[in-house]
$ cat upload-v9.txt   # compact mmCIF, C-alpha atoms
# COMPACT_ATOMS: atom_id res chain seq x y z
CA MET A 1 0.00 0.00 0.00
CA ARG A 2 2.81 2.42 0.84
CA VAL A 3 4.54 1.66 -2.48
CA CYS A 4 1.30 2.33 -4.38
CA ARG A 5 0.82 5.61 -2.56
CA ALA A 6 4.37 6.68 -3.33
CA LEU A 7 3.93 5.77 -7.00
CA LEU A 8 0.65 7.69 -7.25
CA ALA A 9 2.24 10.71 -5.61
CA ALA A 10 5.17 10.58 -8.05
CA LEU A 11 2.82 10.31 -11.05
CA LEU A 12 0.77 13.21 -9.73
CA LEU A 13 3.89 15.34 -9.35
CA TYR A 14 4.94 14.44 -12.91
CA VAL A 15 1.57 15.50 -14.31
CA VAL A 16 1.63 18.71 -12.29
CA VAL A 17 5.14 19.71 -13.32
CA HIS A 18 4.68 18.89 -17.03
CA ALA A 19 1.24 20.42 -17.55
CA PRO A 20 1.44 23.56 -19.73
CA GLY A 21 1.51 27.09 -18.29
CA GLY A 22 -1.38 28.28 -16.18
CA ARG A 23 -2.96 24.83 -16.17
CA ALA A 24 0.10 23.49 -14.35
CA GLN A 25 -0.19 26.12 -11.63
CA GLU A 26 -3.92 25.54 -11.22
CA ALA A 27 -3.42 21.76 -11.18
CA SER A 28 -0.66 22.11 -8.58
CA LEU A 29 -2.82 24.16 -6.26
CA GLU A 30 -5.81 21.84 -6.56
CA ALA A 31 -3.68 18.71 -6.21
CA GLY A 32 -2.08 20.18 -3.10
CA ARG A 33 -5.50 21.12 -1.74
CA ARG A 34 -6.82 17.59 -2.28
CA ALA A 35 -3.82 16.09 -0.52
CA TYR A 36 -4.22 18.52 2.37
CA GLU A 37 -7.96 17.87 2.68
CA SER A 38 -7.27 14.13 2.91
CA THR A 39 -4.68 14.85 5.67
CA ASP A 40 -1.84 13.58 3.46
CA TYR A 41 0.30 16.47 4.59
CA ALA A 42 3.62 15.13 3.29
CA THR A 43 2.26 14.84 -0.26
CA ALA A 44 0.61 18.24 -0.01
CA ILE A 45 3.89 19.82 1.06
CA ARG A 46 5.79 18.22 -1.83
CA ILE A 47 3.25 19.31 -4.44
CA LEU A 48 2.82 22.82 -3.06
CA ASN A 49 6.55 23.46 -2.83
CA VAL A 50 6.83 22.66 -6.55
CA ALA A 51 3.93 25.03 -7.20
CA ALA A 52 5.48 27.75 -5.01
CA ALA A 53 8.76 27.55 -6.92
CA GLN A 54 6.87 28.07 -10.19
CA GLU A 55 4.63 30.81 -8.82
CA PRO A 56 6.39 32.54 -5.89
CA ASN A 57 3.83 35.36 -5.61
CA ASN A 58 0.77 33.14 -5.16
CA GLY A 59 -0.48 33.71 -1.63
CA GLU A 60 -3.01 30.86 -1.78
CA ILE A 61 -0.19 28.36 -2.31
CA GLN A 62 1.65 29.78 0.71
CA LEU A 63 -1.54 29.64 2.78
CA LEU A 64 -2.07 25.97 1.96
CA LEU A 65 1.59 25.29 2.72
CA THR A 66 1.14 26.96 6.10
CA LYS A 67 -1.83 24.72 6.87
CA ALA A 68 -0.07 21.58 5.66
CA TYR A 69 3.06 22.33 7.68
CA LEU A 70 0.90 22.90 10.77
CA GLY A 71 -0.85 19.58 10.14
CA ALA A 72 2.57 17.94 9.98
CA GLU A 73 3.70 19.86 13.10
CA GLN A 74 6.56 21.49 11.18
CA PHE A 75 6.20 24.83 12.91
CA ASN A 76 9.29 26.62 11.61
CA ALA A 77 8.26 25.90 8.03
CA ALA A 78 4.65 26.92 8.78
CA GLU A 79 5.92 30.23 10.16
CA LYS A 80 7.96 30.94 7.02
CA SER A 81 5.11 30.09 4.65
CA GLY A 82 2.68 32.17 6.70
CA GLU A 83 5.01 35.13 6.62
CA ARG A 84 5.40 34.79 2.84
CA ALA A 85 1.61 34.74 2.40
CA VAL A 86 1.21 37.92 4.46
CA ALA A 87 4.05 39.61 2.56
CA ILE A 88 2.26 38.80 -0.72
CA ASP A 89 -1.09 40.19 0.47
CA PRO A 90 -0.74 42.19 3.72
CA LYS A 91 -4.48 42.93 3.95
CA ASN A 92 -5.73 39.35 3.66
CA SER A 93 -7.49 38.44 6.90
CA GLU A 94 -7.11 34.69 6.47
CA TYR A 95 -3.37 34.95 5.85
CA HIS A 96 -2.93 36.81 9.13
CA ASN A 97 -5.16 34.28 10.91
CA TRP A 98 -3.03 31.31 9.84
CA LEU A 99 0.24 33.11 10.45
CA GLY A 100 -1.04 33.72 13.98
CA GLN A 101 -1.79 30.03 14.33
CA ALA A 102 1.69 29.18 13.05
CA TYR A 103 3.27 31.48 15.66
CA GLY A 104 1.02 29.95 18.32
CA GLY A 105 1.94 26.40 17.36
CA LYS A 106 5.61 27.26 17.42
CA ALA A 107 5.23 28.99 20.80
CA ASP A 108 3.59 25.87 22.25
CA HIS A 109 6.66 23.85 21.26
CA SER A 110 9.33 26.38 22.27
CA SER A 111 11.25 27.15 25.43
CA MET A 112 9.71 29.65 27.82
CA PHE A 113 11.93 32.54 26.70
CA SER A 114 11.39 31.84 23.00
CA ALA A 115 7.64 31.47 23.54
CA TYR A 116 7.09 35.00 24.90
CA PRO A 117 7.84 36.96 21.70
CA LEU A 118 6.03 34.31 19.65
CA ALA A 119 2.97 34.69 21.87
CA ARG A 120 2.90 38.44 21.28
CA LYS A 121 3.22 37.84 17.54
CA THR A 122 0.34 35.36 17.75
CA ARG A 123 -1.99 37.92 19.27
CA LYS A 124 -0.92 40.65 16.86
CA GLU A 125 -1.68 38.49 13.82
CA LEU A 126 -5.04 37.30 15.15
CA ALA A 127 -6.06 40.87 16.02
CA THR A 128 -5.01 42.02 12.55
CA ALA A 129 -7.07 39.24 10.97
CA VAL A 130 -10.17 40.38 12.89
CA GLN A 131 -9.44 44.01 12.05
CA PHE A 132 -9.45 43.24 8.32
CA ASP A 133 -12.54 41.02 8.50
CA GLU A 134 -14.83 41.15 11.52
CA ARG A 135 -16.61 38.04 10.25
CA ASN A 136 -13.46 35.94 10.32
CA PHE A 137 -14.93 33.92 13.17
CA ASP A 138 -12.07 31.44 13.28
CA ALA A 139 -9.59 34.24 13.97
CA ALA A 140 -11.96 35.88 16.43
CA GLN A 141 -12.40 32.67 18.43
CA HIS A 142 -8.64 32.14 18.57
CA LEU A 143 -8.19 35.74 19.73
CA VAL A 144 -10.81 35.37 22.49
CA GLU A 145 -9.13 32.17 23.65
CA TYR A 146 -5.75 33.88 23.69
CA ASP A 147 -6.99 36.83 25.72
CA CYS A 148 -8.82 34.59 28.20
CA THR A 149 -5.72 32.48 28.85
CA ALA A 150 -2.57 34.51 28.18
CA PRO A 151 -1.12 36.63 31.01
CA TYR A 152 -0.88 40.40 30.85
CA PHE A 153 2.84 40.49 30.07
CA VAL A 154 2.25 38.82 26.70
CA GLY A 155 -0.76 40.97 25.87
CA GLY A 156 -3.58 38.82 27.23
CA GLY A 157 -6.38 39.67 29.63
CA GLU A 158 -10.06 38.80 29.83
CA GLU A 159 -11.05 42.48 29.69
CA LYS A 160 -9.66 42.53 26.14
CA ALA A 161 -11.84 39.57 25.16
CA GLN A 162 -15.14 40.99 26.37
CA PRO A 163 -15.64 43.68 23.68
CA LEU A 164 -14.94 41.12 20.98
CA ILE A 165 -17.40 38.66 22.56
CA GLN A 166 -20.06 41.38 22.54
CA LYS A 167 -19.28 42.14 18.90
CA LEU A 168 -19.60 38.47 18.00
CA LEU A 169 -23.00 38.32 19.70
CA THR A 170 -24.25 41.04 17.33
CA LEU A 171 -22.76 39.36 14.25
CA ASP A 172 -23.73 35.74 15.01
CA ALA A 173 -25.36 34.82 18.30
CA SER A 174 -24.01 31.27 18.28
CA GLN A 175 -20.45 32.48 17.71
CA GLY A 176 -20.83 35.01 20.53
CA HIS A 177 -22.20 32.50 23.01
CA TYR A 178 -19.53 29.99 22.06
CA ALA A 179 -16.80 32.59 22.65
CA ALA A 180 -18.33 33.55 26.00
CA GLY A 181 -18.63 29.90 27.01
CA ASN A 182 -15.09 29.10 25.99
CA CYS A 183 -13.78 32.02 28.04
CA ARG A 184 -15.76 30.84 31.07
CA ARG A 185 -14.44 27.29 30.52
CA LEU A 186 -10.86 28.55 30.44
CA LYS A 187 -11.52 30.43 33.68
CA LYS A 188 -12.85 27.21 35.29
CA ASP A 189 -16.33 28.74 35.62
CA PHE A 190 -18.07 25.59 34.44
CA ALA A 191 -21.60 26.67 35.39
CA GLY A 192 -21.13 29.79 33.26
CA ALA A 193 -19.63 27.75 30.43
CA ASP A 194 -22.54 25.29 30.54
CA ALA A 195 -25.08 28.11 30.19
CA GLU A 196 -23.26 29.82 27.32
CA PHE A 197 -22.61 26.61 25.38
CA ILE A 198 -26.29 25.63 25.63
CA LYS A 199 -27.22 29.08 24.25
CA ALA A 200 -24.70 28.54 21.44
CA LEU A 201 -26.38 25.24 20.53
CA GLU A 202 -29.83 26.85 20.68
CA SER A 203 -28.76 29.68 18.35
CA HIS A 204 -28.60 27.55 15.20
CA PRO A 205 -24.82 27.23 14.95
CA LYS A 206 -23.23 26.83 11.54
CA SER A 207 -19.70 26.01 12.70
CA LEU A 208 -19.21 22.28 13.24
CA ASP A 209 -15.80 23.06 14.71
CA ASN A 210 -17.53 24.95 17.54
CA ILE A 211 -20.12 22.20 17.93
CA GLU A 212 -17.35 19.61 18.17
CA GLU A 213 -15.68 21.54 20.98
CA ILE A 214 -19.01 21.83 22.81
CA ALA A 215 -19.71 18.11 22.38
CA GLY A 216 -16.30 17.24 23.77
CA TYR A 217 -16.74 19.63 26.68
CA PHE A 218 -20.10 18.14 27.69
CA ALA A 219 -18.75 14.60 27.23
CA ASN A 220 -15.98 15.43 29.69
CA ARG A 221 -18.64 16.76 32.05
CA GLY A 222 -20.58 13.48 31.74
CA SER A 223 -23.63 15.29 30.36
CA ALA A 224 -24.95 12.83 27.79
CA GLU A 225 -28.14 14.79 27.01
CA ARG A 226 -26.11 17.87 26.12
CA VAL A 227 -23.75 15.88 23.92
CA LEU A 228 -26.84 14.67 22.07
CA LEU A 229 -28.01 18.29 21.77
CA ALA A 230 -24.69 19.00 20.07
CA ALA A 231 -25.30 16.05 17.74
CA ASP A 232 -28.74 17.47 16.86
CA ALA A 233 -27.17 20.87 16.14
CA ALA A 234 -24.48 19.32 13.93
CA GLU A 235 -26.97 17.31 11.91
CA ALA A 236 -29.19 20.38 11.48
CA ALA A 237 -26.24 22.46 10.28
CA ALA A 238 -24.77 19.82 7.93
CA PRO A 239 -26.89 16.66 7.54
CA ALA A 240 -24.33 14.89 5.34
CA ASP A 241 -21.36 15.59 7.61
CA PRO A 242 -20.33 12.45 9.55
CA ARG A 243 -19.46 14.42 12.66
CA GLY A 244 -23.09 14.63 13.72
CA GLN A 245 -23.31 10.84 13.95
CA PHE A 246 -19.93 10.74 15.68
CA PHE A 247 -21.22 13.09 18.39
CA ARG A 248 -24.39 11.03 18.71
CA ALA A 249 -22.30 7.91 19.34
CA MET A 250 -20.37 9.84 22.00
CA GLY A 251 -23.61 10.85 23.72
CA TRP A 252 -24.96 7.30 23.73
CA ILE A 253 -21.71 5.98 25.18
CA VAL A 254 -21.66 8.61 27.93
CA HIS A 255 -25.27 7.70 28.74
CA GLY A 256 -24.62 3.95 28.44
CA GLU A 257 -27.44 3.40 25.94
CA LYS A 258 -27.72 2.15 22.34
CA LEU A 259 -24.17 0.83 22.55
CA PRO A 260 -24.47 -1.53 19.52
CA ASP A 261 -25.64 1.44 17.41
CA ALA A 262 -22.80 3.58 18.71
CA GLU A 263 -20.33 0.78 17.89
CA LYS A 264 -21.59 0.61 14.29
CA ILE A 265 -21.20 4.36 13.88
CA LEU A 266 -17.63 4.37 15.20
CA LEU A 267 -16.53 1.32 13.20
CA ASN A 268 -17.97 2.91 10.07
CA TYR A 269 -16.17 6.15 10.92
CA ILE A 270 -12.84 4.31 11.20
CA ASN A 271 -13.29 2.14 8.11
CA ALA A 272 -15.33 4.24 5.67
CA VAL A 273 -15.28 7.95 6.48
CA PRO A 274 -12.59 9.89 4.55
CA ARG A 275 -10.03 11.71 6.66
CA ARG A 276 -10.32 15.48 6.84
CA PRO A 277 -8.32 18.05 8.84
CA SER A 278 -11.53 19.26 10.49
CA TYR A 279 -12.82 15.78 11.45
CA PRO A 280 -12.00 14.05 14.75
CA GLY A 281 -8.91 11.88 14.30
CA GLN A 282 -9.37 8.13 14.02
CA TRP A 283 -7.59 7.86 17.36
CA SER A 284 -10.59 9.62 18.88
CA ALA A 285 -12.93 7.00 17.42
CA HIS A 286 -10.75 4.24 18.90
CA TYR A 287 -10.83 5.99 22.27
CA TRP A 288 -14.63 6.12 22.23
CA LEU A 289 -14.81 2.47 21.24
CA GLY A 290 -12.63 1.80 24.28
CA GLN A 291 -15.09 3.71 26.44
CA LEU A 292 -17.95 1.71 24.92
CA TYR A 293 -16.25 -1.62 25.65
CA GLU A 294 -15.61 -0.50 29.21
CA LYS A 295 -19.35 0.09 29.57
CA GLN A 296 -19.82 -3.51 28.43
CA ASP A 297 -17.15 -4.76 30.88
CA ASN A 298 -15.05 -5.97 27.95
CA LEU A 299 -11.79 -4.65 29.37
CA ALA A 300 -9.50 -6.56 27.00
CA ALA A 301 -11.23 -5.00 23.99
CA ALA A 302 -11.11 -1.59 25.66
CA ARG A 303 -7.35 -1.88 26.16
CA GLY A 304 -6.98 -2.86 22.52
CA GLU A 305 -8.82 0.26 21.38
CA TYR A 306 -6.79 2.57 23.61
CA ARG A 307 -3.59 1.02 22.26
CA ALA A 308 -4.90 1.46 18.71
CA ALA A 309 -5.56 5.14 19.50
CA LEU A 310 -2.02 5.60 20.82
CA LYS A 311 -0.54 3.84 17.81
CA LEU A 312 -2.13 6.53 15.65
CA ASN A 313 -1.37 9.38 18.05
CA ALA A 314 1.17 8.62 20.76
CA LYS A 315 0.49 11.97 22.46
CA TYR A 316 -3.26 11.42 22.86
CA LYS A 317 -3.66 12.00 26.57
CA ARG A 318 -7.22 10.71 26.94
CA ALA A 319 -6.16 7.27 25.67
CA GLN A 320 -3.00 7.39 27.79
CA ASP A 321 -5.03 8.12 30.92
CA ALA A 322 -7.71 5.51 30.10
CA LEU A 323 -5.11 2.80 29.51
CA LYS A 324 -3.26 3.72 32.69
CA GLN A 325 -6.50 3.53 34.68
CA LEU A 326 -7.23 0.05 33.31
CA GLY A 327 -3.73 -1.20 34.01
CA LYS A 328 -1.62 -3.53 31.88
CA SER A 329 -3.32 -6.86 32.54

$ encode --input "upload-v9.txt" --output "structure tokens"
Amino acid sequence: MRVCRALLAALLLYVVVHAPGGRAQEASLEAGRRAYESTDYATAIRILNVAAAQEPNNGEIQLLLTKAYLGAEQFNAAEKSGERAVAIDPKNSEYHNWLGQAYGGKADHSSMFSAYPLARKTRKELATAVQFDERNFDAAQHLVEYDCTAPYFVGGGEEKAQPLIQKLLTLDASQGHYAAGNCRRLKKDFAGADAEFIKALESHPKSLDNIEEIAGYFANRGSAERVLLAADAAEAAAPADPRGQFFRAMGWIVHGEKLPDAEKILLNYINAVPRRPSYPGQWSAHYWLGQLYEKQDNLAAARGEYRAALKLNAKYKRAQDALKQLGKS
């Protein structure tokens, strides 16, 4: 299978490089986008670097490279591509948003002293993204999260987040309530977070990324009914998106009901649902299968699922903790 993938990637690169003129550039960008959307970040990076060499002033290629490098956790490269994108089009909100995320990712993996200036750069880019487009909700949510967690000496502070939360409430009620709930969650005010997240779900949310975070939050709180509310919201927003069913399986497992149905959903998710950067990783599906098997007192199967999750993502703390709690026997 690996040999076939490598061969297909090589053939794709050949076609991209040898296509004439503008068609080659367009084919490169779309081929890179397809590889990125299927989470094949290594192939996306290879294709997009060829495209960038042929068209160095194409900001969309640099943006996709930034995303692919972040997916591959190559933070230095993501930073450079993000900076190139912004240099090409300094007023593009989305370029600033992803450069901010690149700085943030690098800060999270840097020493304390290196992280401070990167943190300030993160906030500056996110704020610039929101300044250029007030409806860039992804950038706005990242900025609220930064201000509600970062200390004053790197530019954070909850008082900075509140005006943006109020602005979001006027632009999109669900986005505003999600931002308010996330800030309360980060401040360990769980009663406040509960109330705001429920309002977000009741406000006809369009962002499945926000719904996913809410579903995970309520699952951690052991609130099965509210996880199922998140599933309802996801299916209303995007009926064909598999995440709605994924959240429904989570809710059933937390509640301890309809476990055979939940198992079918998760096995189908692992075996049949295409991978996407915005979808829960397959390791998450294995973790939830482990939780399901624990509910059925099938501890050997649960251990197997947690190990499968860690094989896919060795840093996945929920599976680490679950396996540790079960022990090695």

$ closest_residue --input "upload-v9.txt" --among "A:Pro90, A:Ala262, A:Leu326, A:Arg221" --to "Asn298 in chain A" --atoms "all atoms listed in the file"
A:Leu326

$ residues_near_point --input "upload-v9.txt" --point "(-6.0, 40.8, 14.4)" --cutoff "10 Å" --atoms "only C-alpha atoms" --output "CSV table (one decimal) with C-alpha atoms, keeping the file's coordinate frame"
chain,number,residue,atom,x,y,z
A,93,SER,CA,-7.5,38.4,6.9
A,96,HIS,CA,-2.9,36.8,9.1
A,97,ASN,CA,-5.2,34.3,10.9
A,100,GLY,CA,-1.0,33.7,14.0
A,122,THR,CA,0.3,35.4,17.8
A,123,ARG,CA,-2.0,37.9,19.3
A,124,LYS,CA,-0.9,40.6,16.9
A,125,GLU,CA,-1.7,38.5,13.8
A,126,LEU,CA,-5.0,37.3,15.2
A,127,ALA,CA,-6.1,40.9,16.0
A,128,THR,CA,-5.0,42.0,12.6
A,129,ALA,CA,-7.1,39.2,11.0
A,130,VAL,CA,-10.2,40.4,12.9
A,131,GLN,CA,-9.4,44.0,12.0
A,132,PHE,CA,-9.4,43.2,8.3
A,133,ASP,CA,-12.5,41.0,8.5
A,134,GLU,CA,-14.8,41.2,11.5
A,136,ASN,CA,-13.5,35.9,10.3
A,139,ALA,CA,-9.6,34.2,14.0
A,140,ALA,CA,-12.0,35.9,16.4
A,142,HIS,CA,-8.6,32.1,18.6
A,143,LEU,CA,-8.2,35.7,19.7

$ residues_around --input "upload-v9.txt" --residues "Ala68 in chain A" --least-positions-apart "5" --cutoff "8 Å" --atoms "all atoms listed in the file" --output "JSON, numbers by chain"
{"A": [36, 41, 42, 44, 45, 78]}

$ residues_around --input "upload-v9.txt" --residues "range 265-280 of chain A" --least-positions-apart "6" --cutoff "7 Å" --atoms "only C-alpha atoms" --output "list in words"
Glu37, Ser38, Thr39, Arg243, Gln245, Phe246, Ala249 and Leu289 of chain A

$ atom_distance --input "upload-v9.txt" --atom1 "CA of Val227 in chain A" --atom2 "CA of Asp138 in chain A"
22.2 Å

$ closest_atom_pairs --input "upload-v9.txt" --of "range 167-228 of chain A" --to "range 149-161 of chain A" --cutoff "10 Å" --atoms "only C-alpha atoms" --output "tab-separated table"
residue	atom	partner	partner_atom	distance
A:Ala179	CA	A:Ala161	CA	8.9
A:Ala180	CA	A:Ala161	CA	8.9
A:Cys183	CA	A:Glu158	CA	7.9
A:Arg184	CA	A:Glu158	CA	9.9
A:Leu186	CA	A:Thr149	CA	6.7
A:Lys187	CA	A:Thr149	CA	7.8

$ atom_distance --input "upload-v9.txt" --atom1 "CA of Lys67 in chain A" --atom2 "CA of Arg33 in chain A"
10.0 Å

$ residues_around --input "upload-v9.txt" --residues "Tyr287 in chain A" --least-positions-apart "2" --cutoff "9 Å" --atoms "all atoms listed in the file" --output "MDAnalysis selection string"
chainID A and resid 282:285 289:292 302 305:310 318:319 322

$ closest_residue --input "upload-v9.txt" --among "A:Asn58, A:Gln101, A:Ser223, A:Ser110" --to "Trp252 in chain A" --atoms "all atoms listed in the file"
A:Ser223

$ closest_residue --input "upload-v9.txt" --among "A:Gly104, A:Pro117, A:Pro260, A:Pro239" --to "Glu145 in chain A" --atoms "only C-alpha atoms"
A:Gly104

$ residues_around --input "upload-v9.txt" --residues "Leu201 in chain A" --least-positions-apart "2" --cutoff "9 Å" --atoms "only C-alpha atoms" --output "list of chain:residue names"
A:Ser174, A:His177, A:Tyr178, A:Glu196, A:Phe197, A:Ile198, A:Lys199, A:Ser203, A:His204, A:Pro205, A:Ile211, A:Ile214, A:Leu229, A:Ala230, A:Asp232, A:Ala233

$ atom_distance --input "upload-v9.txt" --atom1 "CA of Gly105 in chain A" --atom2 "CA of Phe75 in chain A"
6.4 Å

$ residues_around --input "upload-v9.txt" --residues "Lys106 in chain A" --least-positions-apart "5" --cutoff "12 Å" --atoms "only C-alpha atoms" --output "list of chain:residue names"
A:Tyr69, A:Leu70, A:Glu73, A:Gln74, A:Phe75, A:Asn76, A:Ala77, A:Ala78, A:Glu79, A:Lys80, A:Leu99, A:Gly100, A:Gln101, A:Ser111, A:Met112, A:Ser114, A:Ala115, A:Tyr116, A:Pro117, A:Leu118, A:Ala119, A:Lys121, A:Thr122

$ axis_aligned_box --input "upload-v9.txt" --around "range 253-268 of chain A" --padding-each-side "8 Å" --output "lines of an AutoDock Vina configuration file"
center_x = -22.1
center_y = 3.5
center_z = 19.4
size_x = 27.2
size_y = 26.1
size_z = 34.7

$ closest_residue --input "upload-v9.txt" --among "A:Leu312, A:Val144, A:Ala85, A:Leu208" --to "Arg185 in chain A" --atoms "all atoms listed in the file"
A:Val144
